file structure.cif (mmCIF, C-alpha atoms)
data_model
#
loop_
_atom_site.label_atom_id
_atom_site.label_comp_id
_atom_site.auth_asym_id
_atom_site.auth_seq_id
_atom_site.Cartn_x
_atom_site.Cartn_y
_atom_site.Cartn_z
CA GLY S 157 88.28 79.31 91.63
CA ALA S 158 89.12 82.72 90.15
CA ASP S 159 89.06 85.74 92.46
CA MET S 160 87.87 88.37 90.00
CA VAL S 161 86.77 88.87 86.42
CA HIS S 162 89.03 90.97 84.18
CA LEU S 163 87.08 92.51 81.28
CA ASP S 164 88.98 93.93 78.31
CA VAL S 165 87.10 96.81 76.69
CA MET S 166 88.59 97.82 73.33
CA ASP S 167 87.49 100.81 71.26
CA GLY S 168 89.06 99.95 67.88
CA VAL S 169 91.14 103.15 68.08
CA PHE S 170 93.51 102.82 71.06
CA VAL S 171 93.97 99.18 70.03
CA PRO S 172 92.95 97.77 66.64
CA ASN S 173 90.37 95.39 68.12
CA LEU S 174 86.79 96.21 69.11
CA SER S 175 85.02 94.44 71.95
CA PHE S 176 82.08 95.56 74.11
CA GLY S 177 80.94 98.38 76.33
CA PRO S 178 78.86 99.21 79.40
CA PRO S 179 75.73 97.25 78.35
CA VAL S 180 77.64 93.95 78.47
CA ILE S 181 79.11 94.76 81.87
CA GLU S 182 75.65 95.69 83.08
CA ARG S 183 74.44 92.21 82.03
CA ILE S 184 77.41 90.46 83.70
CA ARG S 185 77.10 92.31 87.02
CA PRO S 186 74.02 90.43 88.33
CA LEU S 187 75.60 87.08 87.40
CA THR S 188 78.50 87.29 89.86
CA SER S 189 79.51 88.86 93.13
CA MET S 190 83.17 88.71 92.09
CA THR S 191 85.08 91.94 91.52
CA LEU S 192 84.73 93.24 87.97
CA ASP S 193 88.08 94.66 86.88
CA VAL S 194 87.25 96.69 83.76
CA HIS S 195 90.34 97.37 81.63
CA LEU S 196 89.59 100.26 79.26
CA MET S 197 91.81 100.04 76.19
CA MET S 198 90.32 103.28 74.92
CA GLN S 199 91.68 106.51 73.47
CA TYR S 200 89.22 108.64 75.49
CA PRO S 201 88.07 106.62 78.52
CA ASP S 202 86.95 109.77 80.35
CA ARG S 203 83.94 109.96 78.04
CA LEU S 204 82.49 106.70 79.42
CA ILE S 205 83.66 106.52 83.04
CA PRO S 206 80.18 107.27 84.47
CA ALA S 207 78.61 104.64 82.20
CA PHE S 208 81.08 101.94 83.28
CA ALA S 209 80.64 102.88 86.93
CA LYS S 210 76.84 102.70 86.61
CA ALA S 211 77.09 99.37 84.75
CA GLY S 212 78.76 97.74 87.77
CA ALA S 213 82.53 97.97 87.34
CA ASP S 214 84.38 97.70 90.65
CA ILE S 215 87.81 98.63 89.32
CA ILE S 216 88.13 100.99 86.35
CA ASN S 217 91.49 100.64 84.70
CA ILE S 218 92.71 103.27 82.20
CA HIS S 219 95.92 103.43 80.20
CA ALA S 220 98.68 105.90 81.02
CA GLU S 221 99.02 106.35 77.25
CA CYS S 222 95.38 107.37 76.61
CA ALA S 223 94.42 110.86 75.41
CA SER S 224 92.20 111.65 78.41
CA PRO S 225 93.62 113.83 81.22
CA LEU S 226 94.94 111.22 83.65
CA GLY S 227 94.56 113.14 86.90
CA ASP S 228 91.01 114.25 86.19
CA THR S 229 89.96 110.83 84.90
CA LEU S 230 91.42 108.96 87.88
CA GLU S 231 89.74 111.44 90.24
CA GLU S 232 86.39 110.94 88.51
CA ILE S 233 86.68 107.18 88.95
CA ARG S 234 87.30 107.64 92.66
CA LYS S 235 84.49 110.20 93.05
CA LEU S 236 82.10 107.64 91.58
CA GLY S 237 83.08 105.23 94.37
CA LYS S 238 85.15 102.91 92.18
CA LYS S 239 88.76 101.80 92.50
CA ALA S 240 91.06 103.58 90.07
CA ALA S 241 93.76 101.64 88.26
CA LEU S 242 96.40 102.62 85.71
CA THR S 243 97.75 100.38 82.95
CA LEU S 244 101.21 100.56 81.41
CA LYS S 245 101.94 99.26 77.91
CA PRO S 246 105.26 97.40 77.47
CA ALA S 247 107.13 100.47 76.14
CA THR S 248 105.93 102.70 78.99
CA PRO S 249 108.35 102.82 81.94
CA ALA S 250 107.31 102.09 85.51
CA GLU S 251 108.05 105.71 86.41
CA ALA S 252 105.01 106.84 84.38
CA ALA S 253 102.80 105.50 87.19
CA PHE S 254 104.80 107.04 90.06
CA PRO S 255 103.00 110.44 90.12
CA TRP S 256 99.65 108.68 90.51
CA LEU S 257 100.51 105.80 92.88
CA ASP S 258 98.92 107.36 95.96
CA LYS S 259 95.60 107.67 94.08
CA LEU S 260 95.60 104.15 92.62
CA ALA S 261 94.17 100.92 93.94
CA MET S 262 96.18 99.05 91.31
CA VAL S 263 98.74 99.31 88.51
CA LEU S 264 98.41 96.87 85.60
CA VAL S 265 101.61 95.97 83.76
CA MET S 266 100.97 94.66 80.27
CA THR S 267 103.35 91.82 79.43
CA VAL S 268 102.15 91.77 75.81
CA GLU S 269 101.02 94.51 73.44
CA PRO S 270 97.37 95.16 74.35
CA GLY S 271 94.55 94.29 71.99
CA PHE S 272 94.96 90.61 71.11
CA GLY S 273 94.93 87.43 73.19
CA GLY S 274 97.32 84.52 72.88
CA GLN S 275 100.56 86.52 72.68
CA LYS S 276 103.89 85.40 74.11
CA PHE S 277 104.84 86.70 77.57
CA MET S 278 107.49 89.45 77.53
CA ALA S 279 109.91 88.51 80.31
CA ASP S 280 111.66 91.87 79.99
CA MET S 281 108.66 93.38 81.83
CA LEU S 282 109.69 91.68 85.10
CA PRO S 283 112.07 94.53 86.08
CA LYS S 284 109.21 97.01 85.56
CA ILE S 285 107.08 94.99 87.98
CA ALA S 286 109.93 94.94 90.50
CA ALA S 287 110.43 98.72 90.14
CA LEU S 288 106.74 99.36 90.83
CA ARG S 289 106.74 97.06 93.86
CA SER S 290 109.88 98.75 95.18
CA GLU S 291 108.41 102.24 94.80
CA CYS S 292 105.16 101.22 96.50
CA ARG S 293 107.12 99.76 99.43
CA ARG S 294 109.39 102.81 99.62
CA ARG S 295 106.33 105.07 99.90
CA GLY S 296 104.39 102.75 102.23
CA LEU S 297 101.56 102.25 99.71
CA ASP S 298 99.41 99.14 99.43
CA THR S 299 98.77 99.70 95.71
CA ALA S 300 98.23 96.31 94.10
CA ILE S 301 100.18 95.26 91.02
CA GLU S 302 98.43 93.25 88.35
CA VAL S 303 99.93 91.66 85.25
CA ASP S 304 98.22 90.72 81.99
CA GLY S 305 99.54 88.96 78.91
CA GLY S 306 100.86 85.47 78.35
CA ILE S 307 100.19 84.41 81.93
CA ASN S 308 100.26 80.67 82.50
CA THR S 309 101.59 78.18 85.04
CA GLU S 310 105.19 78.96 84.02
CA THR S 311 105.06 82.76 83.72
CA GLY S 312 102.71 83.43 86.64
CA PRO S 313 105.23 82.40 89.31
CA LEU S 314 107.88 84.64 87.70
CA CYS S 315 105.52 87.59 88.02
CA ILE S 316 104.66 86.77 91.62
CA ALA S 317 108.36 86.59 92.46
CA ALA S 318 108.80 90.07 90.93
CA GLY S 319 106.04 91.50 93.16
CA VAL S 320 102.68 90.93 91.44
CA ASP S 321 99.48 90.60 93.48
CA TRP S 322 97.03 89.74 90.67
CA LEU S 323 97.50 87.55 87.59
CA VAL S 324 95.20 87.93 84.59
CA ALA S 325 95.06 84.63 82.72
CA GLY S 326 93.07 84.38 79.50
CA SER S 327 94.28 81.99 76.82
CA SER S 328 95.91 79.65 79.33
CA LEU S 329 92.50 79.17 80.96
CA PHE S 330 90.30 79.15 77.88
CA HIS S 331 92.48 76.60 76.07
CA ALA S 332 93.09 74.36 79.09
CA MET S 333 91.51 70.93 79.34
CA ASP S 334 91.01 71.67 83.05
CA PRO S 335 90.82 75.45 83.67
CA ALA S 336 90.28 74.91 87.42
CA ALA S 337 93.62 73.09 87.60
CA VAL S 338 95.36 76.08 86.00
CA VAL S 339 93.72 78.43 88.54
CA ASN S 340 94.76 76.09 91.36
CA VAL S 341 98.39 76.12 90.19
CA LEU S 342 98.40 79.92 89.89
CA HIS S 343 96.83 80.25 93.37
CA SER S 344 99.43 77.96 94.91
CA LYS S 345 102.40 80.09 93.88
#

call {"tool": "encode", "arguments": {"input": "structure.cif", "output": "structure tokens"}}
result
Amino acid sequence: GADMVHLDVMDGVFVPNLSFGPPVIERIRPLTSMTLDVHLMMQYPDRLIPAFAKAGADIINIHAECASPLGDTLEEIRKLGKKAALTLKPATPAEAAFPWLDKLAMVLVMTVEPGFGGQKFMADMLPKIAALRSECRRRGLDTAIEVDGGINTETGPLCIAAGVDWLVAGSSLFHAMDPAAVVNVLHSK
């Protein structure tokens, strides 16, 4: 019952964990028609944007805090026909995304420190979500807001009330006795 697949790509530098790269996404792409939201937790995502685009990513999501030039990297994503998204770590204010909002399909607000699953939801990120939603409305933009980290049947509705369009749920699904029931609850909010 999920609407898209969120794939966390970690380089072992930007975050201390290491995951997978374009070859895994290339193998996943033929298995689903769902949107592949590829979240690049990488120091230099610009070096692999073409590879992720070719592998089948639909949304390519880079961090505002990465070392790549944001404007150029976001433009490259768009030139390759993919949706560009920008992620904000918990310590990064909402305003860091404001200069790029008109070029973004989505902003991802991290409600945990990126790099490890199973962390506790940071409720103090809700005002950041509300600030992003308010700025998008003020400017007449349909930029989606996504949230990732500690999302479950209790925290998901709080995020939706603050203005979120997309919920990324990991541990709450993978540890659930009935993952479909969790998705159904999150969809109903």

call {"tool": "closest_atom_pairs", "arguments": {"input": "structure.cif", "of": "stretch 231-255 of chain S", "to": "stretch 207-219 of chain S", "cutoff": "7 Å", "atoms": "all atoms listed in the file", "output": "tab-separated table"}}
result
residue	atom	partner	partner_atom	distance
S:Ile233	CA	S:Ile216	CA	6.9
S:Leu236	CA	S:Ala209	CA	6.8
S:Lys238	CA	S:Asp214	CA	5.5
S:Lys239	CA	S:Ile215	CA	4.6
S:Ala240	CA	S:Ile216	CA	5.4
S:Ala241	CA	S:Asn217	CA	4.3
S:Leu242	CA	S:Ile218	CA	5.1
S:Thr243	CA	S:His219	CA	4.5
S:Leu244	CA	S:His219	CA	6.1

call {"tool": "atom_distance", "arguments": {"input": "structure.cif", "atom1": "atom CA of S:Ser290", "atom2": "atom CA of S:Phe277"}}
result
21.9 Å

call {"tool": "residues_around", "arguments": {"input": "structure.cif", "residues": "S:Asn308", "least_positions_apart": "5", "cutoff": "10 Å", "atoms": "all atoms listed in the file", "output": "short mmCIF file (atom, residue, chain, number, x, y, z; two decimals) with C-alpha atoms, in the coordinates of the input"}}
result
data_model
loop_
_atom_site.label_atom_id
_atom_site.label_comp_id
_atom_site.auth_asym_id
_atom_site.auth_seq_id
_atom_site.Cartn_x
_atom_site.Cartn_y
_atom_site.Cartn_z
CA PHE S 277 104.84 86.70 77.57
CA PRO S 313 105.23 82.40 89.31
CA LEU S 323 97.50 87.55 87.59
CA VAL S 324 95.20 87.93 84.59
CA ALA S 325 95.06 84.63 82.72
CA GLY S 326 93.07 84.38 79.50
CA SER S 327 94.28 81.99 76.82
CA SER S 328 95.91 79.65 79.33
CA LEU S 329 92.50 79.17 80.96
CA VAL S 338 95.36 76.08 86.00
CA VAL S 339 93.72 78.43 88.54
CA VAL S 341 98.39 76.12 90.19
CA LEU S 342 98.40 79.92 89.89
#

call {"tool": "atom_distance", "arguments": {"input": "structure.cif", "atom1": "atom CA of S:Asp258", "atom2": "atom CA of S:Glu232"}}
result
15.0 Å

call {"tool": "resolve_selection", "arguments": {"input": "structure.cif", "expression": "the PyMOL selection byres ((chain S and resi 253) around 12)", "output": "VMD selection string"}}
result
chain S and resid 218 to 221 226 to 227 230 241 to 245 248 to 252 254 to 265 284 to 285 287 to 289 291 to 292 299 301

call {"tool": "axis_aligned_box", "arguments": {"input": "structure.cif", "around": "stretch 288-296 of chain S", "padding_each_side": "8 Å", "output": "AutoDock Vina command-line options"}}
result
--center_x 107.1 --center_y 101.1 --center_z 96.5 --size_x 21.5 --size_y 24.0 --size_z 27.4

call {"tool": "decode", "arguments": {"input": "structure.cif", "residues": "stretch 180-217 of chain S", "atoms": "N, CA, C and O atoms", "output": "compact mmCIF listing (two decimals), in the first residue's frame"}}
result
# COMPACT_ATOMS: atom_id res chain seq x y z
N VAL S 180 22.46 -1.09 -7.35
CA VAL S 180 21.31 -1.64 -6.62
C VAL S 180 20.02 -0.99 -7.10
O VAL S 180 19.01 -1.66 -7.31
N ILE S 181 20.06 0.31 -7.31
CA ILE S 181 18.86 1.00 -7.81
C ILE S 181 18.51 0.50 -9.21
O ILE S 181 17.34 0.30 -9.53
N GLU S 182 19.52 0.26 -10.01
CA GLU S 182 19.29 -0.28 -11.35
C GLU S 182 18.59 -1.65 -11.28
O GLU S 182 17.76 -1.97 -12.14
N ARG S 183 18.90 -2.44 -10.27
CA ARG S 183 18.27 -3.76 -10.10
C ARG S 183 16.85 -3.64 -9.55
O ARG S 183 15.99 -4.47 -9.84
N ILE S 184 16.60 -2.62 -8.74
CA ILE S 184 15.26 -2.40 -8.16
C ILE S 184 14.29 -1.86 -9.22
O ILE S 184 13.12 -2.24 -9.25
N ARG S 185 14.78 -0.98 -10.08
CA ARG S 185 13.90 -0.28 -11.03
C ARG S 185 12.97 -1.21 -11.80
O ARG S 185 11.76 -0.92 -11.89
N PRO S 186 13.41 -2.33 -12.36
CA PRO S 186 12.47 -3.16 -13.12
C PRO S 186 11.47 -3.92 -12.25
O PRO S 186 10.50 -4.48 -12.76
N LEU S 187 11.68 -3.90 -10.94
CA LEU S 187 10.80 -4.65 -10.04
C LEU S 187 9.56 -3.89 -9.61
O LEU S 187 8.64 -4.46 -9.03
N THR S 188 9.53 -2.56 -9.86
CA THR S 188 8.39 -1.77 -9.42
C THR S 188 8.18 -0.58 -10.35
O THR S 188 9.14 -0.03 -10.91
N SER S 189 6.93 -0.19 -10.48
CA SER S 189 6.61 1.03 -11.21
C SER S 189 6.45 2.21 -10.26
O SER S 189 6.21 3.34 -10.70
N MET S 190 6.60 1.95 -8.95
CA MET S 190 6.48 3.03 -7.97
C MET S 190 7.63 4.03 -8.14
O MET S 190 8.70 3.68 -8.63
N THR S 191 7.40 5.24 -7.70
CA THR S 191 8.42 6.28 -7.70
C THR S 191 9.58 5.85 -6.82
O THR S 191 9.37 5.40 -5.68
N LEU S 192 10.80 5.99 -7.34
CA LEU S 192 12.00 5.74 -6.54
C LEU S 192 12.57 7.09 -6.11
O LEU S 192 13.06 7.87 -6.92
N ASP S 193 12.45 7.34 -4.82
CA ASP S 193 12.93 8.57 -4.18
C ASP S 193 14.31 8.25 -3.61
O ASP S 193 14.42 7.57 -2.59
N VAL S 194 15.36 8.71 -4.29
CA VAL S 194 16.73 8.34 -3.92
C VAL S 194 17.35 9.47 -3.11
O VAL S 194 17.61 10.57 -3.62
N HIS S 195 17.56 9.19 -1.82
CA HIS S 195 18.07 10.16 -0.84
C HIS S 195 19.58 9.97 -0.71
O HIS S 195 20.04 8.99 -0.14
N LEU S 196 20.33 10.91 -1.27
CA LEU S 196 21.79 10.81 -1.32
C LEU S 196 22.41 11.47 -0.09
O LEU S 196 22.56 12.69 -0.04
N MET S 197 22.77 10.66 0.89
CA MET S 197 23.50 11.14 2.06
C MET S 197 24.97 11.03 1.72
O MET S 197 25.68 10.14 2.19
N MET S 198 25.42 11.94 0.86
CA MET S 198 26.76 11.89 0.29
C MET S 198 27.43 13.25 0.38
O MET S 198 26.77 14.29 0.22
N GLN S 199 28.74 13.23 0.60
CA GLN S 199 29.51 14.48 0.66
C GLN S 199 29.54 15.17 -0.70
O GLN S 199 29.42 16.37 -0.79
N TYR S 200 29.72 14.38 -1.77
CA TYR S 200 29.81 14.92 -3.13
C TYR S 200 28.81 14.23 -4.06
O TYR S 200 29.20 13.48 -4.96
N PRO S 201 27.52 14.49 -3.89
CA PRO S 201 26.54 13.81 -4.74
C PRO S 201 26.67 14.17 -6.21
O PRO S 201 26.30 13.38 -7.08
N ASP S 202 27.20 15.35 -6.53
CA ASP S 202 27.29 15.77 -7.93
C ASP S 202 28.11 14.79 -8.77
O ASP S 202 27.88 14.67 -9.96
N ARG S 203 29.01 14.06 -8.14
CA ARG S 203 29.86 13.13 -8.87
C ARG S 203 29.09 11.92 -9.42
O ARG S 203 29.56 11.27 -10.35
N LEU S 204 27.91 11.64 -8.83
CA LEU S 204 27.17 10.44 -9.25
C LEU S 204 25.74 10.72 -9.72
O LEU S 204 24.99 9.79 -9.96
N ILE S 205 25.39 11.97 -9.89
CA ILE S 205 24.02 12.29 -10.34
C ILE S 205 23.69 11.58 -11.65
O ILE S 205 22.64 10.94 -11.75
N PRO S 206 24.54 11.64 -12.68
CA PRO S 206 24.18 10.94 -13.93
C PRO S 206 24.00 9.43 -13.73
O PRO S 206 23.10 8.84 -14.33
N ALA S 207 24.80 8.83 -12.87
CA ALA S 207 24.69 7.38 -12.64
C ALA S 207 23.37 7.04 -11.96
O ALA S 207 22.72 6.05 -12.32
N PHE S 208 22.94 7.85 -10.98
CA PHE S 208 21.67 7.58 -10.31
C PHE S 208 20.50 7.84 -11.25
O PHE S 208 19.51 7.11 -11.23
N ALA S 209 20.61 8.85 -12.09
CA ALA S 209 19.55 9.12 -13.06
C ALA S 209 19.43 7.95 -14.04
O ALA S 209 18.32 7.47 -14.31
N LYS S 210 20.55 7.48 -14.55
CA LYS S 210 20.55 6.36 -15.50
C LYS S 210 20.04 5.08 -14.85
O LYS S 210 19.37 4.27 -15.49
N ALA S 211 20.32 4.90 -13.56
CA ALA S 211 19.90 3.69 -12.85
C ALA S 211 18.39 3.61 -12.65
O ALA S 211 17.86 2.53 -12.40
N GLY S 212 17.69 4.75 -12.74
CA GLY S 212 16.24 4.71 -12.63
C GLY S 212 15.63 5.52 -11.51
O GLY S 212 14.43 5.40 -11.24
N ALA S 213 16.42 6.36 -10.85
CA ALA S 213 15.84 7.23 -9.81
C ALA S 213 14.82 8.16 -10.45
O ALA S 213 15.02 8.66 -11.55
N ASP S 214 13.72 8.40 -9.76
CA ASP S 214 12.73 9.37 -10.22
C ASP S 214 12.94 10.72 -9.55
O ASP S 214 12.82 11.76 -10.17
N ILE S 215 13.23 10.66 -8.25
CA ILE S 215 13.53 11.85 -7.45
C ILE S 215 14.96 11.67 -6.95
O ILE S 215 15.30 10.62 -6.41
N ILE S 216 15.78 12.69 -7.13
CA ILE S 216 17.14 12.66 -6.60
C ILE S 216 17.23 13.76 -5.56
O ILE S 216 17.06 14.94 -5.85
N ASN S 217 17.52 13.31 -4.35
CA ASN S 217 17.43 14.12 -3.16
C ASN S 217 18.83 14.33 -2.58
O ASN S 217 19.47 13.37 -2.17
